[in-house]
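Quick look at input.cif (mmCIF, C-alpha atoms):
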data_structure
loop_
_atom_site.label_atom_id
_atom_site.label_comp_id
_atom_site.auth_asym_id
_atom_site.auth_seq_id
_atom_site.Cartn_x
_atom_site.Cartn_y
_atom_site.Cartn_z
CA MET A 163 7.15 -14.97 -23.43
CA THR A 164 4.10 -13.97 -25.49
CA PRO A 165 1.52 -11.53 -24.09
CA GLU A 166 -0.90 -14.45 -23.75
CA GLU A 167 1.63 -16.47 -21.75
CA TYR A 168 2.39 -13.43 -19.60
CA VAL A 169 -1.24 -12.86 -18.55
CA GLN A 170 -1.78 -16.57 -17.99
CA GLN A 171 1.22 -16.68 -15.67
CA LYS A 172 0.08 -13.50 -13.90
CA ALA A 173 -3.40 -14.87 -13.28
CA ALA A 174 -2.25 -18.32 -12.17
CA ALA A 175 0.45 -16.96 -9.84
CA SER A 176 -2.10 -14.94 -7.87
CA GLY A 177 -3.73 -18.10 -6.48
CA SER A 178 -7.03 -16.22 -6.55
CA SER A 179 -10.43 -17.88 -6.33
CA PHE A 180 -11.26 -16.13 -9.60
CA TYR A 181 -8.76 -18.30 -11.46
CA TYR A 182 -10.74 -21.47 -10.73
CA ALA A 183 -13.88 -20.01 -12.26
CA PHE A 184 -12.00 -19.13 -15.45
CA LEU A 185 -11.06 -22.77 -16.06
CA PHE A 186 -14.59 -23.69 -17.15
CA LEU A 187 -14.94 -20.96 -19.79
CA PRO A 188 -14.64 -21.46 -23.57
CA ARG A 189 -11.18 -20.61 -24.88
CA GLU A 190 -11.74 -17.05 -26.15
CA ARG A 191 -13.78 -15.94 -23.14
CA ARG A 192 -11.13 -17.47 -20.87
CA ALA A 193 -8.44 -15.52 -22.75
CA ALA A 194 -10.38 -12.27 -22.32
CA ILE A 195 -11.09 -12.65 -18.60
CA THR A 196 -7.50 -13.80 -17.96
CA ALA A 197 -6.11 -10.71 -19.70
CA PHE A 198 -8.52 -8.39 -17.87
CA TYR A 199 -7.78 -10.06 -14.53
CA ALA A 200 -4.04 -9.72 -15.18
CA PHE A 201 -4.59 -6.00 -15.78
CA CYS A 202 -6.37 -5.71 -12.42
CA ARG A 203 -3.50 -7.58 -10.73
CA GLU A 204 -0.92 -5.25 -12.28
CA ILE A 205 -2.75 -2.20 -10.94
CA ASP A 206 -3.36 -3.75 -7.53
CA ASP A 207 0.29 -4.77 -7.23
CA VAL A 208 1.37 -1.13 -7.63
CA VAL A 209 -0.54 -0.25 -4.46
CA ASP A 210 0.39 -3.38 -2.50
CA GLU A 211 4.07 -3.71 -3.43
CA VAL A 212 5.38 -0.17 -4.04
CA THR A 213 6.22 1.35 -0.66
CA ASP A 214 6.96 4.89 -1.87
CA PRO A 215 3.61 6.68 -2.55
CA GLY A 216 5.26 9.03 -5.05
CA VAL A 217 6.58 6.12 -7.09
CA ALA A 218 3.19 4.38 -6.88
CA HIS A 219 1.43 7.52 -8.15
CA THR A 220 3.91 7.73 -11.04
CA LYS A 221 3.32 4.07 -11.96
CA LEU A 222 -0.46 4.48 -11.91
CA ALA A 223 -0.15 7.61 -14.06
CA TRP A 224 1.90 5.52 -16.50
CA TRP A 225 -0.90 2.95 -16.61
CA GLN A 226 -3.48 5.67 -17.27
CA ALA A 227 -1.41 6.81 -20.25
CA GLU A 228 -0.91 3.21 -21.37
CA VAL A 229 -4.68 2.64 -21.44
CA LEU A 230 -5.15 5.74 -23.60
CA LYS A 231 -2.34 4.64 -25.96
CA SER A 232 -3.72 1.12 -26.14
CA TYR A 233 -7.20 2.25 -27.14
CA ALA A 234 -5.55 4.52 -29.72
CA GLY A 235 -3.94 1.42 -31.21
CA SER A 236 -0.46 1.40 -29.66
CA PRO A 237 -0.26 -0.90 -26.59
CA THR A 238 3.23 -1.48 -25.18
CA HIS A 239 2.66 -3.61 -22.05
CA PRO A 240 2.09 -7.38 -22.49
CA VAL A 241 -1.20 -7.18 -20.58
CA MET A 242 -2.59 -4.54 -22.91
CA LYS A 243 -1.28 -6.40 -25.97
CA ALA A 244 -3.19 -9.48 -24.80
CA LEU A 245 -6.35 -7.55 -23.88
CA MET A 246 -6.82 -5.13 -26.77
CA PRO A 247 -7.62 -7.66 -29.55
CA LEU A 248 -10.46 -8.99 -27.38
CA ALA A 249 -11.77 -5.70 -25.92
CA PRO A 250 -14.14 -4.81 -28.79
CA THR A 251 -15.74 -8.28 -28.79
CA TYR A 252 -16.69 -8.03 -25.12
CA GLN A 253 -17.30 -4.27 -24.96
CA ILE A 254 -14.44 -3.62 -22.56
CA GLU A 255 -14.07 0.15 -22.63
CA ALA A 256 -11.24 2.47 -21.62
CA ARG A 257 -13.48 3.92 -18.88
CA HIS A 258 -13.63 0.50 -17.21
CA LEU A 259 -9.85 0.24 -16.98
CA GLN A 260 -9.46 3.87 -15.89
CA ALA A 261 -12.01 3.30 -13.11
CA VAL A 262 -9.95 0.41 -11.71
CA ILE A 263 -6.87 2.66 -11.72
CA GLU A 264 -8.85 5.46 -10.05
CA GLY A 265 -9.92 3.07 -7.29
CA CYS A 266 -6.33 2.06 -6.62
CA GLN A 267 -5.31 5.74 -6.59
CA MET A 268 -7.76 6.14 -3.70
CA ASP A 269 -5.70 3.57 -1.77
CA LEU A 270 -2.72 5.92 -1.97
CA THR A 271 -4.58 8.96 -0.68
CA GLN A 272 -7.24 7.53 1.64
CA ASN A 273 -6.81 4.78 4.21
CA ARG A 274 -9.99 5.36 6.23
CA PHE A 275 -13.67 5.59 5.30
CA LEU A 276 -16.07 7.49 7.53
CA ASP A 277 -19.13 5.36 6.73
CA PHE A 278 -20.39 2.53 4.55
CA PRO A 279 -21.63 4.77 1.68
CA GLY A 280 -18.08 6.13 1.39
CA LEU A 281 -16.63 2.63 1.39
CA ARG A 282 -19.22 1.52 -1.16
CA SER A 283 -18.07 4.27 -3.57
CA TYR A 284 -14.53 2.89 -3.37
CA CYS A 285 -15.81 -0.67 -3.87
CA HIS A 286 -17.71 0.47 -6.96
CA LEU A 287 -14.40 1.35 -8.64
CA VAL A 288 -12.25 -1.60 -7.56
CA ALA A 289 -14.91 -4.33 -7.57
CA GLY A 290 -18.22 -3.23 -9.10
CA ILE A 291 -16.62 -2.18 -12.38
CA VAL A 292 -14.61 -5.41 -12.41
CA GLY A 293 -17.86 -7.35 -11.99
CA GLU A 294 -19.45 -5.38 -14.83
CA VAL A 295 -16.63 -6.23 -17.24
CA ALA A 296 -16.56 -9.86 -16.13
CA ALA A 297 -20.31 -10.21 -16.74
CA ARG A 298 -19.84 -8.90 -20.29
CA ILE A 299 -17.06 -11.40 -20.95
CA PHE A 300 -19.06 -14.30 -19.50
CA GLY A 301 -21.90 -13.59 -21.96
CA GLN A 302 -24.37 -11.06 -20.53
CA THR A 303 -27.55 -10.63 -22.58
CA GLN A 304 -29.86 -8.83 -20.11
CA PRO A 305 -29.39 -5.22 -18.89
CA GLN A 306 -30.29 -6.16 -15.30
CA THR A 307 -27.25 -8.44 -15.14
CA THR A 308 -25.11 -5.31 -14.74
CA ALA A 309 -26.85 -4.51 -11.42
CA TYR A 310 -26.28 -8.12 -10.32
CA ALA A 311 -22.59 -7.87 -11.25
CA HIS A 312 -22.07 -4.65 -9.30
CA LYS A 313 -23.80 -6.03 -6.20
CA LEU A 314 -21.80 -9.27 -6.41
CA GLY A 315 -18.58 -7.26 -6.80
CA LEU A 316 -19.46 -5.36 -3.61
CA ALA A 317 -20.06 -8.66 -1.80
CA PHE A 318 -16.67 -9.97 -2.97
CA GLN A 319 -14.89 -6.80 -1.87
CA MET A 320 -16.53 -6.86 1.57
CA THR A 321 -15.41 -10.48 1.92
CA ASN A 322 -11.85 -9.44 1.04
CA ILE A 323 -12.00 -6.62 3.59
CA ILE A 324 -13.15 -9.03 6.32
CA ARG A 325 -10.48 -11.59 5.40
CA ASP A 326 -7.65 -9.04 5.14
CA VAL A 327 -8.25 -6.84 8.21
CA GLY A 328 -4.90 -7.76 9.77
CA GLU A 329 -2.94 -7.73 6.51
CA ASP A 330 -4.34 -4.34 5.50
CA ALA A 331 -3.60 -2.90 8.94
CA LEU A 332 0.10 -3.75 8.45
CA ARG A 333 -0.03 -1.42 5.42
CA GLY A 334 -1.69 1.29 7.50
CA ARG A 335 -5.11 0.74 5.92
CA ILE A 336 -8.34 0.02 7.77
CA TYR A 337 -11.30 -0.27 5.43
CA LEU A 338 -13.90 -0.91 8.14
CA PRO A 339 -15.99 2.30 8.36
CA VAL A 340 -15.00 4.65 11.18
CA ASN A 341 -18.58 5.07 12.43
CA GLU A 342 -18.95 1.28 12.68
CA LEU A 343 -15.70 0.98 14.63
CA GLN A 344 -17.18 3.58 17.00
CA GLN A 345 -20.53 1.77 17.10
CA PHE A 346 -18.82 -1.38 18.41
CA ASP A 347 -16.24 0.54 20.47
CA VAL A 348 -13.30 -1.00 18.59
CA LYS A 349 -10.21 1.24 18.66
CA VAL A 350 -7.89 1.59 15.68
CA HIS A 351 -4.85 0.91 17.86
CA GLU A 352 -6.37 -2.44 18.91
CA ILE A 353 -6.55 -3.53 15.27
CA LEU A 354 -3.03 -2.27 14.57
CA LYS A 355 -1.76 -4.21 17.62
CA ARG A 356 -3.79 -7.30 16.60
CA GLN A 357 -5.79 -7.29 19.82
CA TYR A 358 -8.91 -9.46 19.80
CA SER A 359 -11.96 -8.75 21.95
CA ASP A 360 -15.67 -9.53 22.19
CA ARG A 361 -16.22 -6.06 20.70
CA PHE A 362 -14.09 -6.94 17.67
CA THR A 363 -15.96 -10.23 17.25
CA ALA A 364 -19.30 -8.39 17.32
CA LEU A 365 -18.00 -5.90 14.72
CA MET A 366 -16.92 -8.72 12.43
CA GLN A 367 -20.23 -10.55 12.87
CA PHE A 368 -21.96 -7.36 11.75
CA GLN A 369 -19.70 -7.10 8.68
CA THR A 370 -20.23 -10.77 7.82
CA GLN A 371 -24.02 -10.57 8.04
CA ARG A 372 -23.99 -7.56 5.72
CA ALA A 373 -21.72 -9.36 3.24
CA LEU A 374 -23.92 -12.48 3.27
CA GLY A 375 -26.94 -10.25 2.68
CA LEU A 376 -25.19 -8.69 -0.32
CA TYR A 377 -24.69 -12.14 -1.85
CA ASP A 378 -28.41 -12.86 -1.44
CA GLU A 379 -29.32 -9.49 -2.98
CA ALA A 380 -26.96 -10.06 -5.91
CA LEU A 381 -28.27 -13.53 -6.69
CA ALA A 382 -31.85 -12.24 -6.57
CA LEU A 383 -30.94 -9.65 -9.24
CA LEU A 384 -29.55 -12.17 -11.74
CA PRO A 385 -32.05 -12.70 -14.60
CA GLU A 386 -32.84 -16.34 -15.26
CA ALA A 387 -31.95 -15.84 -18.94
CA ASP A 388 -28.33 -15.07 -18.01
CA ARG A 389 -27.92 -17.59 -15.19
CA ARG A 390 -26.17 -20.21 -17.33
CA ALA A 391 -23.74 -17.72 -18.91
CA GLN A 392 -22.91 -16.17 -15.54
CA LYS A 393 -21.90 -19.46 -13.93
CA PRO A 394 -18.27 -18.31 -13.39
CA GLY A 395 -19.56 -15.52 -11.13
CA LEU A 396 -21.74 -18.02 -9.30
CA MET A 397 -18.68 -20.24 -8.81
CA MET A 398 -16.83 -17.34 -7.22
CA ALA A 399 -19.86 -16.62 -5.03
CA SER A 400 -19.76 -20.23 -3.78
CA ILE A 401 -16.07 -19.98 -2.99
CA TYR A 402 -16.29 -16.60 -1.29
CA ARG A 403 -19.40 -17.42 0.76
CA THR A 404 -17.73 -20.62 1.92
CA LEU A 405 -14.66 -18.57 2.90
CA LEU A 406 -16.88 -16.20 4.92
CA ARG A 407 -18.36 -19.15 6.80
CA GLU A 408 -14.85 -20.49 7.49
CA ILE A 409 -13.83 -17.11 8.94
CA GLU A 410 -16.99 -17.11 11.05
CA ALA A 411 -16.40 -20.68 12.26
CA ASP A 412 -12.81 -19.75 13.12
CA GLY A 413 -14.01 -16.99 15.44
CA TYR A 414 -12.84 -14.14 13.18
CA GLN A 415 -9.15 -14.82 13.76
CA VAL A 416 -8.22 -12.45 10.94
CA LEU A 417 -5.85 -10.04 12.69
CA HIS A 418 -2.82 -12.34 12.78
CA GLN A 419 -3.48 -14.57 9.77
CA ARG A 420 -5.18 -14.78 6.38
CA VAL A 421 -7.86 -17.46 6.38
CA SER A 422 -8.07 -19.25 3.03
CA LEU A 423 -9.47 -22.33 1.32
CA THR A 424 -7.21 -24.97 -0.23
CA PRO A 425 -6.88 -25.02 -4.04
CA LEU A 426 -8.60 -28.41 -4.11
CA ARG A 427 -11.57 -27.12 -2.14
CA LYS A 428 -11.89 -24.07 -4.42
CA PHE A 429 -11.84 -26.30 -7.47
CA TRP A 430 -14.43 -28.63 -5.91
CA LEU A 431 -16.77 -25.71 -5.14
CA ALA A 432 -16.33 -24.35 -8.68
CA TRP A 433 -17.00 -27.77 -10.20
CA LYS A 434 -20.15 -28.28 -8.12
CA THR A 435 -21.52 -24.94 -9.28
CA GLN A 436 -20.65 -25.77 -12.88
CA ALA A 437 -22.30 -29.18 -12.63
CA PHE A 438 -25.42 -28.31 -10.63
CA GLY A 439 -25.77 -24.55 -11.13
CA LYS A 440 -26.27 -23.92 -7.42
CA VAL A 441 -24.42 -21.54 -5.13
CA VAL A 442 -23.59 -23.24 -1.84
#
Now that the file is in, can you turn its structure into structure tokens?
Amino acid sequence: MTPEEYVQQKAAASGSSFYYAFLFLPRERRAAITAFYAFCREIDDVVDEVTDPGVAHTKLAWWQAEVLKSYAGSPTHPVMKALMPLAPTYQIEARHLQAVIEGCQMDLTQNRFLDFPGLRSYCHLVAGIVGEVAARIFGQTQPQTTAYAHKLGLAFQMTNIIRDVGEDALRGRIYLPVNELQQFDVKVHEILKRQYSDRFTALMQFQTQRALGLYDEALALLPEADRRAQKPGLMMASIYRTLLREIEADGYQVLHQRVSLTPLRKFWLAWKTQAFGKVV
């Protein structure tokens, strides 16, 4: 298997909404975002699939060293072999990759956030930086597009947090800020035991309204000159906002299941954005 085949398989196997947006890109840009996304999946999988924290720390340290070696001209992992020839073209820097690793290291040492500013700092590493790199690959020409990309990345991460409350709790992680749990009188043990309540529903409504607001803020930041190039991000925004509305319509039943859209629906939303340029 070539490095290019490896990252393609890694990206496709994830079933992520991001994959559908990649399909509409020109070949080289698609190769770059696929390789970068595969890198993010590799790092994320260390945290999600390695049960021993010591082993996970060791693996992430290996990846930190691999990034340094790769930028020095000696990649060994298929993902880095696929990514490095394209990194200079799209200004993908070592600091971007190290930031993603740093964010996942936080998952190993911190499973609660006291308030939203603390959570936002974590989201900056695991989602904002990813948005910044993606915007470069898609064809950013305006400096302000970076601010749009970071805000959109935060909106995506908050959507993931809302969707994955139950799944994350099984891993001992609750990303919802502690002071907001207290504000709505939702106890940690209720989430861990998958207990629904009107208080939990109110908490999730609050989270959803903030996430929807972040999408609006992000879209308002996107310069018109870059709107066409950034269509893949707009496709993902359509998919993720639709997912949020599905979760809302389902009464926030996220403790015992993972709400998702069908592949066909994701593709349809991506195609509509590609064809009409509008985020639904």
- [ ] Quick one: apply the PyMOL selection byres ((chain A and resi 236-245) around 8) to the file and drop the selected residues here as a PyMOL selection string.
- [x] chain A and resi 164-166+168-169+194+197-198+200-201+228-229+231-235+246-249
TODO: Excluding His312 (chain A) and any residue of its chain fewer than 6 positions from it, enumerate the residues within 7 Å of it, using all atoms listed in the file, and give them as JSON, numbers by chain.
DONE: {"A": [290, 291, 293, 294]}
Task: Separation of CA of Ala391 (chain A) from CA of Thr303 (chain A) in Å - done: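 Value for the CA of Thr303 (chain A)-CA of Ala391 (chain A) distance: 8.8 Å.
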Open item on the list: Since I can't run it myself right now, could you work out what the PyMOL selection byres ((chain A and resi 199) around 12) selects here and report it as a PyMOL selection string?
Closed with: chain A and resi 168-176+178-181+183-184+192-198+200-206+241-242+244-245+259+262+288-289+292-293+295-296+299
Axis-aligned box for all listed atoms of region 422-427 of chain A, 6 Å per side, centre and edges in Å to one decimal, as JSON:
{"center_x": -9.2, "center_y": -23.8, "center_z": -0.5, "size_x": 16.7, "size_y": 21.2, "size_z": 19.1}
Result set of the PyMOL selection byres ((chain A and resi 208-218) around 8) on the coordinates above, as a PDB file with C-alpha atoms, in the coordinates of the input:
ATOM      1  CA  GLU A 204      -0.920  -5.250 -12.280  1.00  0.00           C
ATOM      2  CA  ILE A 205      -2.750  -2.200 -10.940  1.00  0.00           C
ATOM      3  CA  ASP A 206      -3.360  -3.750  -7.530  1.00  0.00           C
ATOM      4  CA  ASP A 207       0.290  -4.770  -7.230  1.00  0.00           C
ATOM      5  CA  HIS A 219       1.430   7.520  -8.150  1.00  0.00           C
ATOM      6  CA  THR A 220       3.910   7.730 -11.040  1.00  0.00           C
ATOM      7  CA  LYS A 221       3.320   4.070 -11.960  1.00  0.00           C
ATOM      8  CA  LEU A 222      -0.460   4.480 -11.910  1.00  0.00           C
ATOM      9  CA  CYS A 266      -6.330   2.060  -6.620  1.00  0.00           C
ATOM     10  CA  GLN A 267      -5.310   5.740  -6.590  1.00  0.00           C
ATOM     11  CA  ASP A 269      -5.700   3.570  -1.770  1.00  0.00           C
ATOM     12  CA  LEU A 270      -2.720   5.920  -1.970  1.00  0.00           C
TER      13      LEU A 270
END
- [ ] Between CA of Ala399 (chain A) and CA of Gly328 (chain A), measure the distance and give it in Å to one decimal.
- [x] 22.8 Å
